[in-house]
>>> print(open('entry-v4.cif').read())   # mmCIF, N, CA and C atoms
data_model
loop_
_atom_site.label_atom_id
_atom_site.label_comp_id
_atom_site.auth_asym_id
_atom_site.auth_seq_id
_atom_site.Cartn_x
_atom_site.Cartn_y
_atom_site.Cartn_z
N MET A 546 118.89 77.17 124.48
CA MET A 546 118.02 78.04 125.23
C MET A 546 117.53 79.16 124.33
N SER A 547 116.30 79.56 124.57
CA SER A 547 115.76 80.66 123.78
C SER A 547 116.31 81.99 124.29
N ARG A 548 116.17 82.99 123.47
CA ARG A 548 116.66 84.32 123.85
C ARG A 548 115.92 84.85 125.08
N ARG A 549 114.63 84.60 125.13
CA ARG A 549 113.83 85.07 126.27
C ARG A 549 114.31 84.42 127.57
N THR A 550 114.62 83.13 127.53
CA THR A 550 115.11 82.42 128.71
C THR A 550 116.45 83.00 129.16
N LEU A 551 117.33 83.28 128.20
CA LEU A 551 118.63 83.86 128.55
C LEU A 551 118.48 85.25 129.17
N VAL A 552 117.54 86.04 128.66
CA VAL A 552 117.32 87.37 129.22
C VAL A 552 116.83 87.26 130.66
N TRP A 553 115.85 86.39 130.89
CA TRP A 553 115.33 86.24 132.26
C TRP A 553 116.39 85.68 133.20
N LEU A 554 117.22 84.78 132.70
CA LEU A 554 118.31 84.24 133.51
C LEU A 554 119.29 85.34 133.88
N GLY A 555 119.63 86.20 132.93
CA GLY A 555 120.53 87.31 133.19
C GLY A 555 119.96 88.30 134.19
N VAL A 556 118.68 88.61 134.05
CA VAL A 556 118.03 89.52 135.00
C VAL A 556 118.02 88.92 136.41
N THR A 557 117.74 87.63 136.50
CA THR A 557 117.71 86.97 137.80
C THR A 557 119.09 86.97 138.46
N VAL A 558 120.11 86.66 137.68
CA VAL A 558 121.48 86.65 138.22
C VAL A 558 121.88 88.06 138.66
N ALA A 559 121.54 89.07 137.87
CA ALA A 559 121.89 90.45 138.21
C ALA A 559 121.19 90.89 139.50
N LEU A 560 119.92 90.55 139.64
CA LEU A 560 119.20 90.91 140.87
C LEU A 560 119.77 90.19 142.08
N ALA A 561 120.10 88.90 141.91
CA ALA A 561 120.68 88.16 143.01
C ALA A 561 122.04 88.76 143.42
N ALA A 562 122.82 89.17 142.43
CA ALA A 562 124.12 89.78 142.73
C ALA A 562 123.94 91.11 143.45
N LEU A 563 122.97 91.90 143.02
CA LEU A 563 122.72 93.18 143.70
C LEU A 563 122.28 92.98 145.14
N ILE A 564 121.41 92.03 145.37
CA ILE A 564 120.94 91.76 146.73
C ILE A 564 122.10 91.26 147.60
N ALA A 565 122.90 90.33 147.05
CA ALA A 565 124.03 89.79 147.81
C ALA A 565 125.06 90.87 148.12
N LEU A 566 125.37 91.73 147.14
CA LEU A 566 126.33 92.80 147.40
C LEU A 566 125.79 93.80 148.42
N GLY A 567 124.50 94.12 148.30
CA GLY A 567 123.91 95.03 149.28
C GLY A 567 123.98 94.47 150.69
N TRP A 568 123.66 93.20 150.84
CA TRP A 568 123.74 92.56 152.16
C TRP A 568 125.19 92.55 152.66
N TYR A 569 126.13 92.21 151.78
CA TYR A 569 127.54 92.15 152.17
C TYR A 569 128.05 93.53 152.59
N PHE A 570 127.70 94.55 151.81
CA PHE A 570 128.16 95.89 152.13
C PHE A 570 127.61 96.37 153.46
N ILE A 571 126.39 96.03 153.77
CA ILE A 571 125.82 96.41 155.07
C ILE A 571 126.53 95.65 156.19
N ALA A 572 126.86 94.38 155.95
CA ALA A 572 127.48 93.55 156.99
C ALA A 572 128.91 94.00 157.30
N VAL A 573 129.69 94.42 156.31
CA VAL A 573 131.10 94.76 156.56
C VAL A 573 131.30 96.21 156.93
N GLY A 574 130.32 97.06 156.74
CA GLY A 574 130.46 98.47 157.06
C GLY A 574 130.76 99.30 155.82
N LEU A 575 130.47 100.59 155.93
CA LEU A 575 130.58 101.46 154.77
C LEU A 575 132.02 101.68 154.30
N ASP A 576 132.98 101.74 155.21
CA ASP A 576 134.37 101.99 154.82
C ASP A 576 134.92 100.85 153.97
N ARG A 577 134.79 99.61 154.47
CA ARG A 577 135.27 98.46 153.69
C ARG A 577 134.45 98.28 152.43
N ALA A 578 133.15 98.55 152.52
CA ALA A 578 132.29 98.41 151.35
C ALA A 578 132.69 99.40 150.26
N ASP A 579 133.07 100.61 150.64
CA ASP A 579 133.50 101.62 149.68
C ASP A 579 134.77 101.18 148.97
N LYS A 580 135.72 100.66 149.73
CA LYS A 580 136.97 100.19 149.14
C LYS A 580 136.73 99.01 148.20
N LEU A 581 135.91 98.08 148.63
CA LEU A 581 135.62 96.92 147.79
C LEU A 581 134.85 97.33 146.53
N ALA A 582 133.93 98.27 146.67
CA ALA A 582 133.17 98.73 145.52
C ALA A 582 134.08 99.40 144.49
N SER A 583 135.08 100.11 144.95
CA SER A 583 136.03 100.74 144.03
C SER A 583 136.80 99.70 143.23
N VAL A 584 137.27 98.66 143.91
CA VAL A 584 138.01 97.60 143.23
C VAL A 584 137.10 96.85 142.27
N LEU A 585 135.89 96.50 142.72
CA LEU A 585 134.96 95.79 141.84
C LEU A 585 134.58 96.64 140.63
N GLY A 586 134.39 97.94 140.85
CA GLY A 586 134.06 98.84 139.75
C GLY A 586 135.16 98.89 138.71
N ALA A 587 136.41 98.88 139.17
CA ALA A 587 137.54 98.90 138.23
C ALA A 587 137.56 97.63 137.39
N PHE A 588 137.34 96.48 138.03
CA PHE A 588 137.33 95.22 137.28
C PHE A 588 136.15 95.14 136.31
N VAL A 589 135.00 95.60 136.74
CA VAL A 589 133.83 95.59 135.85
C VAL A 589 134.08 96.51 134.65
N GLY A 590 134.70 97.66 134.90
CA GLY A 590 135.03 98.57 133.80
C GLY A 590 135.99 97.95 132.81
N LEU A 591 137.02 97.26 133.32
CA LEU A 591 137.98 96.60 132.43
C LEU A 591 137.33 95.47 131.62
N VAL A 592 136.46 94.70 132.28
CA VAL A 592 135.75 93.63 131.57
C VAL A 592 134.85 94.23 130.50
N GLY A 593 134.17 95.32 130.82
CA GLY A 593 133.32 95.99 129.84
C GLY A 593 134.11 96.51 128.66
N LEU A 594 135.27 97.08 128.92
CA LEU A 594 136.13 97.57 127.85
C LEU A 594 136.58 96.42 126.96
N GLY A 595 136.97 95.30 127.59
CA GLY A 595 137.38 94.14 126.79
C GLY A 595 136.24 93.61 125.93
N LEU A 596 135.02 93.55 126.48
CA LEU A 596 133.88 93.08 125.70
C LEU A 596 133.55 94.04 124.56
N ALA A 597 133.71 95.34 124.80
CA ALA A 597 133.45 96.32 123.74
C ALA A 597 134.45 96.15 122.60
N VAL A 598 135.73 95.97 122.94
CA VAL A 598 136.75 95.76 121.91
C VAL A 598 136.46 94.47 121.15
N PHE A 599 136.09 93.42 121.87
CA PHE A 599 135.76 92.15 121.22
C PHE A 599 134.58 92.32 120.27
N GLY A 600 133.56 93.08 120.69
CA GLY A 600 132.40 93.30 119.84
C GLY A 600 132.75 94.05 118.57
N VAL A 601 133.60 95.06 118.69
CA VAL A 601 134.00 95.83 117.51
C VAL A 601 134.82 94.97 116.56
N VAL A 602 135.74 94.19 117.10
CA VAL A 602 136.60 93.36 116.26
C VAL A 602 135.79 92.25 115.59
N SER A 603 134.87 91.64 116.31
CA SER A 603 134.11 90.53 115.72
C SER A 603 133.04 91.03 114.75
N ALA A 604 132.65 92.29 114.83
CA ALA A 604 131.62 92.82 113.93
C ALA A 604 132.21 93.35 112.63
N ARG A 605 133.53 93.44 112.54
CA ARG A 605 134.15 93.92 111.30
C ARG A 605 133.94 92.91 110.20
N PRO A 606 133.61 93.38 109.00
CA PRO A 606 133.46 92.43 107.90
C PRO A 606 134.82 91.86 107.51
N GLU A 607 134.81 90.60 107.17
CA GLU A 607 136.06 89.96 106.76
C GLU A 607 136.42 90.43 105.36
N ASP A 608 137.68 90.28 105.01
CA ASP A 608 138.12 90.66 103.67
C ASP A 608 137.65 89.60 102.68
N ALA A 609 136.44 89.78 102.23
CA ALA A 609 135.87 88.83 101.27
C ALA A 609 135.85 89.49 99.90
N GLU A 610 135.81 88.65 98.90
CA GLU A 610 135.72 89.18 97.54
C GLU A 610 134.36 89.83 97.36
N PRO A 611 134.34 90.94 96.64
CA PRO A 611 133.05 91.60 96.45
C PRO A 611 132.10 90.72 95.65
N GLY A 612 130.84 90.74 96.06
CA GLY A 612 129.83 89.95 95.37
C GLY A 612 129.37 90.66 94.11
N PRO A 613 128.44 90.08 93.44
CA PRO A 613 127.95 90.70 92.22
C PRO A 613 127.24 92.02 92.55
N GLU A 614 127.43 92.99 91.67
CA GLU A 614 126.78 94.26 91.90
C GLU A 614 125.29 94.11 91.69
N SER A 615 124.54 94.90 92.46
CA SER A 615 123.10 94.79 92.30
C SER A 615 122.72 95.38 90.96
N GLY A 616 122.01 94.60 90.21
CA GLY A 616 121.62 95.02 88.87
C GLY A 616 120.17 95.43 88.85
N GLY A 617 119.46 94.92 87.88
CA GLY A 617 118.07 95.26 87.71
C GLY A 617 117.21 94.71 88.84
N VAL A 618 116.01 95.16 88.84
CA VAL A 618 115.06 94.75 89.86
C VAL A 618 114.05 93.81 89.23
N HIS A 619 113.73 92.75 89.93
CA HIS A 619 112.72 91.81 89.46
C HIS A 619 111.54 91.87 90.41
N ASN A 620 110.45 92.43 89.96
CA ASN A 620 109.23 92.52 90.76
C ASN A 620 108.22 91.52 90.21
N GLU A 621 107.49 90.93 91.10
CA GLU A 621 106.49 89.96 90.67
C GLU A 621 105.27 90.07 91.57
N ILE A 622 104.10 90.12 90.95
CA ILE A 622 102.85 90.12 91.69
C ILE A 622 102.14 88.83 91.36
N SER A 623 101.71 88.11 92.38
CA SER A 623 100.97 86.88 92.12
C SER A 623 99.62 86.99 92.81
N GLY A 624 98.69 86.21 92.33
CA GLY A 624 97.35 86.25 92.91
C GLY A 624 96.48 87.20 92.11
N THR A 625 95.38 87.57 92.69
CA THR A 625 94.43 88.45 92.03
C THR A 625 94.57 89.85 92.59
N VAL A 626 94.71 90.82 91.71
CA VAL A 626 94.85 92.21 92.11
C VAL A 626 93.61 92.95 91.66
N HIS A 627 92.92 93.56 92.56
CA HIS A 627 91.73 94.35 92.25
C HIS A 627 92.10 95.82 92.43
N GLY A 628 92.47 96.47 91.40
CA GLY A 628 92.85 97.87 91.50
C GLY A 628 94.25 98.09 90.99
N ASN A 629 94.83 99.18 91.39
CA ASN A 629 96.14 99.58 90.89
C ASN A 629 97.26 98.97 91.71
N ALA A 630 98.36 98.68 91.05
CA ALA A 630 99.54 98.17 91.74
C ALA A 630 100.77 98.82 91.14
N VAL A 631 101.69 99.25 92.00
CA VAL A 631 102.93 99.85 91.53
C VAL A 631 104.08 99.12 92.21
N GLN A 632 105.02 98.71 91.40
CA GLN A 632 106.26 98.17 91.94
C GLN A 632 107.38 98.92 91.25
N ALA A 633 108.25 99.53 92.02
CA ALA A 633 109.31 100.34 91.43
C ALA A 633 110.50 100.38 92.36
N ARG A 634 111.62 100.71 91.78
CA ARG A 634 112.83 100.86 92.58
C ARG A 634 113.01 102.31 92.98
N ASP A 635 113.15 103.19 92.01
CA ASP A 635 113.33 104.61 92.28
C ASP A 635 112.19 105.36 91.60
N ILE A 636 111.50 106.17 92.36
CA ILE A 636 110.39 106.94 91.82
C ILE A 636 110.69 108.41 92.04
N GLU A 637 110.59 109.17 90.98
CA GLU A 637 110.75 110.62 91.08
C GLU A 637 109.44 111.25 90.67
N GLY A 638 108.96 112.19 91.43
CA GLY A 638 107.69 112.82 91.10
C GLY A 638 106.55 112.04 91.70
N GLY A 639 105.34 112.44 91.40
CA GLY A 639 104.18 111.80 91.98
C GLY A 639 103.62 110.70 91.09
N ILE A 640 102.82 109.87 91.67
CA ILE A 640 102.13 108.81 90.94
C ILE A 640 100.64 109.08 91.08
N THR A 641 99.94 109.11 89.98
CA THR A 641 98.49 109.31 90.02
C THR A 641 97.80 108.19 89.28
N PHE A 642 96.59 107.87 89.70
CA PHE A 642 95.78 106.85 89.08
C PHE A 642 94.41 107.44 88.79
N ASP A 643 93.77 106.86 87.81
CA ASP A 643 92.38 107.23 87.58
C ASP A 643 91.54 106.62 88.69
N ALA A 644 90.31 107.05 88.78
CA ALA A 644 89.41 106.49 89.78
C ALA A 644 89.28 104.99 89.55
N PRO A 645 89.29 104.20 90.59
CA PRO A 645 89.21 102.75 90.41
C PRO A 645 87.88 102.34 89.81
N LYS A 646 87.96 101.36 88.93
CA LYS A 646 86.75 100.82 88.31
C LYS A 646 86.19 99.73 89.22
N PRO A 647 84.89 99.61 89.29
CA PRO A 647 84.32 98.57 90.14
C PRO A 647 84.72 97.19 89.64
N TYR A 648 84.91 96.30 90.56
CA TYR A 648 85.32 94.94 90.23
C TYR A 648 84.12 94.15 89.72
N ARG A 649 84.31 93.54 88.58
CA ARG A 649 83.29 92.65 88.01
C ARG A 649 83.97 91.33 87.68
N PRO A 650 83.54 90.25 88.32
CA PRO A 650 84.15 88.97 87.99
C PRO A 650 83.93 88.62 86.53
N GLN A 651 84.95 88.02 85.94
CA GLN A 651 84.82 87.63 84.52
C GLN A 651 83.90 86.43 84.42
N GLU A 652 83.09 86.47 83.36
CA GLU A 652 82.17 85.36 83.14
C GLU A 652 82.93 84.22 82.50
N MET A 653 82.63 83.01 82.93
CA MET A 653 83.28 81.82 82.41
C MET A 653 82.49 81.33 81.20
N ASP A 654 83.15 81.01 80.12
CA ASP A 654 82.46 80.46 78.93
C ASP A 654 82.33 78.97 79.02
#
>>> encode(input="entry-v4.cif", output="structure tokens")
Amino acid sequence: MSRRTLVWLGVTVALAALIALGWYFIAVGLDRADKLASVLGAFVGLVGLGLAVFGVVSARPEDAEPGPESGGVHNEISGTVHGNAVQARDIEGGITFDAPKPYRPQEMD
């Protein structure tokens, strides 16, 4: 399933649950609904806490050997460039260029 489909499915299920709970709470009365909502809220909170802990634990990087350190930078421009081009990693200060020269196609011999 695509991500969009899962999102719409989740929204639909959430809306259906809200409508069903609203109908149920009206049917049983406010006192019982309040008690049931407290219990459901506690369980939802515990499930949320468990999911948060799971997310933190699963997002931790594993103890892997360090990879190669980042060394030099390899920049490459391909195609036709009409004008100035700058490729750099760290730039300190300003960069200035002369006024661009008009483009003239090279004559073929």
>>> residues_around(input="entry-v4.cif", residues="region 580-591 of chain A", least_positions_apart="5", cutoff="12 Å", atoms="only C-alpha atoms", output="list in words")
Leu563, Leu566, Gly567, Tyr569, Phe570, Val573, Gly574, Leu575, Leu596, Ala597 and Val598 of chain A
>>> axis_aligned_box(input="entry-v4.cif", around="region 578-583 of chain A", padding_each_side="3 Å", output="JSON")
{"center_x": 134.6, "center_y": 99.3, "center_z": 147.9, "size_x": 10.7, "size_y": 10.7, "size_z": 15.3}
>>> atom_distance(input="entry-v4.cif", atom1="atom C of Gln632 (chain A)", atom2="atom C of Asn620 (chain A)")
7.5 Å
>>> closest_residue(input="entry-v4.cif", among="A:Gly628, A:Ser547, A:Glu637, A:Ile622", to="Arg649 (chain A)", atoms="only C-alpha atoms")
A:Gly628
>>> atom_distance(input="entry-v4.cif", atom1="CA of His627 (chain A)", atom2="CA of Gly639 (chain A)")
21.4 Å
>>> select_by_dssp(input="entry-v4.cif", residues="chain A", states="helix (DSSP H, G or I)", output="ChimeraX atom specification")
/A:548-573,575-604
